[in-house]
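What follows is a set of notes on a single structure, which appears directly below.
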Amino acid sequence: MSKPTMAVGRESRLKSASYQLKRHVPHVLYSIFRYAFIIGMAYVLLYPILIMASRALRPAADMTNPSIVWIPTGFTFENLQIAWRLLEYPTTLIFTTRIVIISTLLSLISCSMAGYALARYRLKLSGLCSAIAILTIVVPMQTYIIPLFTQMHYFTPLGIGTLLSSLPFGISVNNNVLIPNLTGSEWCYYVAAALGSGLRSGLFIIVFMNFFKGMPKELEDAARVDGCSELRTFVQVMIPNAGAPFLVVTLFSIVWYWNDYYFAQMMMSGRTMLSTKIAVVKRMVSQATEVVKTESGLGETVVVFAAALLFIIPPLLLYLYLQKYFVQSIERTGIVG
């Protein structure tokens, strides 16, 4: 082979190598950036849980040791035992779970029906109702908690509350007329959820409305041809095809009802849910010095961390079990994009 031919071949190989390098370098840099971003975001999201678990399982002496950040000198479950006792965990967990599940089911029923009506029927006030639903998301609860508390405390809509005077949560007011008092009972959650005005119900209505708008109208036409009523069409045709928004709303509702603190603190006087019990525990261990003295020198901070860890375990396990279906469903509901 002649020297010119060899030179041409070498130049061709160099150009090919240069082209491959220019082609793969941006891809490699993008992959590095993507993984670095994902790892950084995962650290930001997991940091509170990791530091909570680390401090909940460490001895109290490690809290004042500046050389210990993540890994304590030893692990102890004494913090969890004290937090379990102060939270009255089994009883409070059952009470909180009952409220969360029933409120979520009632919200699913009321919000799905409201979203379906706004999406599929031509109503004169559809725009106004949609604006009100969006407004409930924007306006914070603190702005209307006082009239809501008054409404629940003297629950007599249109005067029919006096007919419910025989119920066990009635109170005596003027002229010895008994008016139901829903504050301090689970009914303040259930009534609001059943009427589509529970926690984040406006967002749930928007989610259902966006999903039902995208469903083909031929499904309803075929159901009406077969003689289905409007309710039967909704139950037997629309709901089976709306698994994605139902799963998303269920998970969101469970998490928000579980984490709710403000509404529970204002309405559930005398009955404590897990979310408000954390504050009670913090107040108890800060005021009750015998906890620090008698429980092997256990400090109040580690007890609060242990109580917070017990609080997040149930929704965390639920999300870990359903996260695959949740991610698939949220992409189909119109929340993102």
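Lettering and numbering for the structure tokens are positional, with chains as A, B, ... in the shown order, residues counted from 1 in each chain, and ligands counted from 1 in the shown order.
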
Name all residues at most 10 Å from Ile312 in chain A (count only C-alpha atoms; drop same-chain ones fewer than 6 positions away) and give them as number ranges by chain.
A: 49, 255, 258-259, 274-275

Just list the residues in range 67-291 of chain A DSSP gives strand (DSSP E or B) on the backbone, as a ChimeraX atom specification.
/A:170-172,178-180

Residue neighbourhood range 88-105 of chain A, 7 Å, only C-alpha atoms, exclusion window fewer than 4 positions, as a CSV table (one decimal) with N, CA and C atoms, in the first residue's frame:
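Dumped everything to part24.csv:
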chain,number,residue,atom,x,y,z
A,84,TRP,N,-44.4,6.0,71.9
A,84,TRP,CA,-45.6,5.1,71.8
A,84,TRP,C,-46.5,5.3,72.9
A,109,ILE,N,-66.7,10.3,46.6
A,109,ILE,CA,-68.1,10.3,46.1
A,109,ILE,C,-68.6,11.7,45.6
A,186,GLU,N,-66.3,13.4,65.1
A,186,GLU,CA,-65.8,13.1,63.8
A,186,GLU,C,-66.7,13.6,62.7
A,189,TYR,N,-65.7,16.4,60.1
A,189,TYR,CA,-65.0,15.9,59.0
A,189,TYR,C,-66.0,15.3,57.9
A,190,TYR,N,-66.9,14.5,58.4
A,190,TYR,CA,-67.7,13.7,57.5
A,190,TYR,C,-68.7,14.6,56.8
A,193,ALA,N,-66.8,16.6,54.1
A,193,ALA,CA,-66.4,15.7,52.9
A,193,ALA,C,-67.6,15.3,52.1
A,250,THR,N,-57.4,9.5,45.9
A,250,THR,CA,-57.4,8.7,47.1
A,250,THR,C,-56.1,8.9,47.9
A,253,SER,N,-55.8,12.6,49.2
A,253,SER,CA,-56.8,12.8,50.3
A,253,SER,C,-56.3,12.1,51.6
A,254,ILE,N,-55.8,10.9,51.4
A,254,ILE,CA,-55.3,10.2,52.6
A,254,ILE,C,-54.1,11.0,53.3
A,257,TYR,N,-55.5,14.5,54.7
A,257,TYR,CA,-56.2,14.3,56.0
A,257,TYR,C,-55.3,13.8,57.1
A,258,TRP,N,-54.4,12.9,56.8
A,258,TRP,CA,-53.5,12.4,57.8
A,258,TRP,C,-52.6,13.5,58.3
A,273,MET,N,-56.2,13.7,67.2
A,273,MET,CA,-55.6,12.9,66.2
A,273,MET,C,-54.1,12.9,66.3
A,274,LEU,N,-53.5,12.0,65.5
A,274,LEU,CA,-52.1,11.9,65.5
A,274,LEU,C,-51.3,13.2,65.2

Top pick for closest residue to Ile137 in chain A, considering A:Leu251, A:Leu203, A:Ala223, A:Ala242 and counting only C-alpha atoms
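Under the stated criterion, the closest residue is A:Leu203.
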
Extract, using only C-alpha atoms, all DNA, RNA and protein residues at most 9 Å from range 50-67 of chain A, discarding same-chain residues fewer than 2 positions from it, and format them as a list of chain:residue names.
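Those residues are A:Leu46, A:Tyr47, A:Pro48, A:Val69, A:Trp70, A:Ile71, A:Pro72, A:Thr73, A:Gly74, A:Phe75, A:Thr76, A:Phe77, A:Glu78, A:Asn79, A:Leu80, A:Gly297, A:Leu298, A:Gly299, A:Glu300, A:Thr301, A:Val302, A:Val303, A:Val304, A:Phe305, A:Ala306, A:Ala307, A:Ala308, A:Leu309.
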
Closest to Leu182 in chain A among A:Ser201, A:Thr233, A:Thr150, A:Asn210, using only C-alpha atoms?
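Answer, going by the shortest atom-to-atom distance: A:Thr150.
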
Using only C-alpha atoms, can you tell me which of A:Leu128, A:Ile68, A:Ala83, A:Leu45 comes closest to Phe311 in chain A?
A:Ala83

For Phe234 in chain A, list every protein, DNA or RNA residue within 10 Å, evaluated using only C-alpha atoms, and leave out those in the same chain fewer than 4 positions away; present the list as JSON, numbers by chain.
{"A": [112, 113, 116, 117, 220, 223, 228, 229, 230, 238, 239, 240]}

How would the residues just chosen look if you wrote them out with N, CA and C atoms as a tab-separated table (two decimals), in the first residue's frame?
chain	number	residue	atom	x	y	z
A	112	SER	N	-66.16	13.35	42.80
A	112	SER	CA	-66.28	12.72	41.48
A	112	SER	C	-67.60	13.08	40.82
A	113	MET	N	-68.67	13.13	41.59
A	113	MET	CA	-69.97	13.51	41.02
A	113	MET	C	-69.97	14.98	40.59
A	116	TYR	N	-67.80	15.29	37.45
A	116	TYR	CA	-68.49	14.73	36.29
A	116	TYR	C	-69.58	15.67	35.78
A	117	ALA	N	-70.32	16.27	36.70
A	117	ALA	CA	-71.38	17.19	36.30
A	117	ALA	C	-70.81	18.43	35.61
A	220	GLU	N	-71.29	7.76	26.71
A	220	GLU	CA	-72.59	8.13	27.29
A	220	GLU	C	-73.72	7.90	26.30
A	223	ALA	N	-74.59	4.29	26.28
A	223	ALA	CA	-75.28	3.90	27.51
A	223	ALA	C	-76.74	4.36	27.50
A	228	CYS	N	-79.74	3.23	29.98
A	228	CYS	CA	-79.15	3.56	31.28
A	228	CYS	C	-79.57	4.96	31.72
A	229	SER	N	-79.85	5.09	32.99
A	229	SER	CA	-80.13	6.41	33.55
A	229	SER	C	-78.82	7.16	33.72
A	230	GLU	N	-78.92	8.44	34.09
A	230	GLU	CA	-77.72	9.24	34.27
A	230	GLU	C	-76.83	8.69	35.39
A	238	MET	N	-68.68	5.37	33.53
A	238	MET	CA	-67.62	6.35	33.75
A	238	MET	C	-66.64	5.93	34.85
A	239	ILE	N	-67.15	5.50	35.98
A	239	ILE	CA	-66.27	5.15	37.09
A	239	ILE	C	-65.30	4.02	36.75
A	240	PRO	N	-65.73	2.94	36.08
A	240	PRO	CA	-64.75	1.89	35.74
A	240	PRO	C	-63.62	2.37	34.83

Please determine, counting only C-alpha atoms, which residue among A:Asp260, A:Ala119, A:Ser31, A:Tyr319 has the shortest atom-to-atom distance to Arg200 in chain A.
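For Arg200 in chain A, the nearest of the given residues is A:Asp260.
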
Name the residues of range 83-264 of chain A that come out as helix (DSSP H, G or I) in a backbone DSSP run; write them as a PyMOL selection string.
chain A and resi 83-87+89-120+126-138+141-143+145-153+157-164+174-176+187-194+201-213+218-225+230-241+243-259+262-264

Which residues are close to Leu135 in chain A, i.e. within 12 Å by only C-alpha atoms, leaving aside same-chain residues fewer than 4 positions away? Reply as a list in words.
Leu128, Cys129, Ser130, Ala131, Val139, Pro140, Met141, Ser197, Arg200, Ser201, Gly202, Leu203, Ile205 and Ile206 of chain A

Put those residues in a file: C-alpha atoms, as a JSON list (two decimals), in the first residue's frame.
[["chain", "number", "residue", "atom", "x", "y", "z"],
["A", 128, "LEU", "CA", -68.89, 30.02, 38.17],
["A", 129, "CYS", "CA", -68.77, 26.65, 39.94],
["A", 130, "SER", "CA", -65.38, 25.91, 38.41],
["A", 131, "ALA", "CA", -64.11, 29.31, 39.55],
["A", 139, "VAL", "CA", -58.01, 30.89, 49.72],
["A", 140, "PRO", "CA", -56.34, 29.58, 52.92],
["A", 141, "MET", "CA", -58.48, 27.93, 55.56],
["A", 197, "SER", "CA", -66.10, 21.00, 50.95],
["A", 200, "ARG", "CA", -58.57, 20.14, 49.21],
["A", 201, "SER", "CA", -61.94, 19.15, 47.75],
["A", 202, "GLY", "CA", -61.67, 21.95, 45.19],
["A", 203, "LEU", "CA", -58.51, 20.40, 43.78],
["A", 205, "ILE", "CA", -63.10, 18.38, 41.73],
["A", 206, "ILE", "CA", -60.74, 19.97, 39.20]]
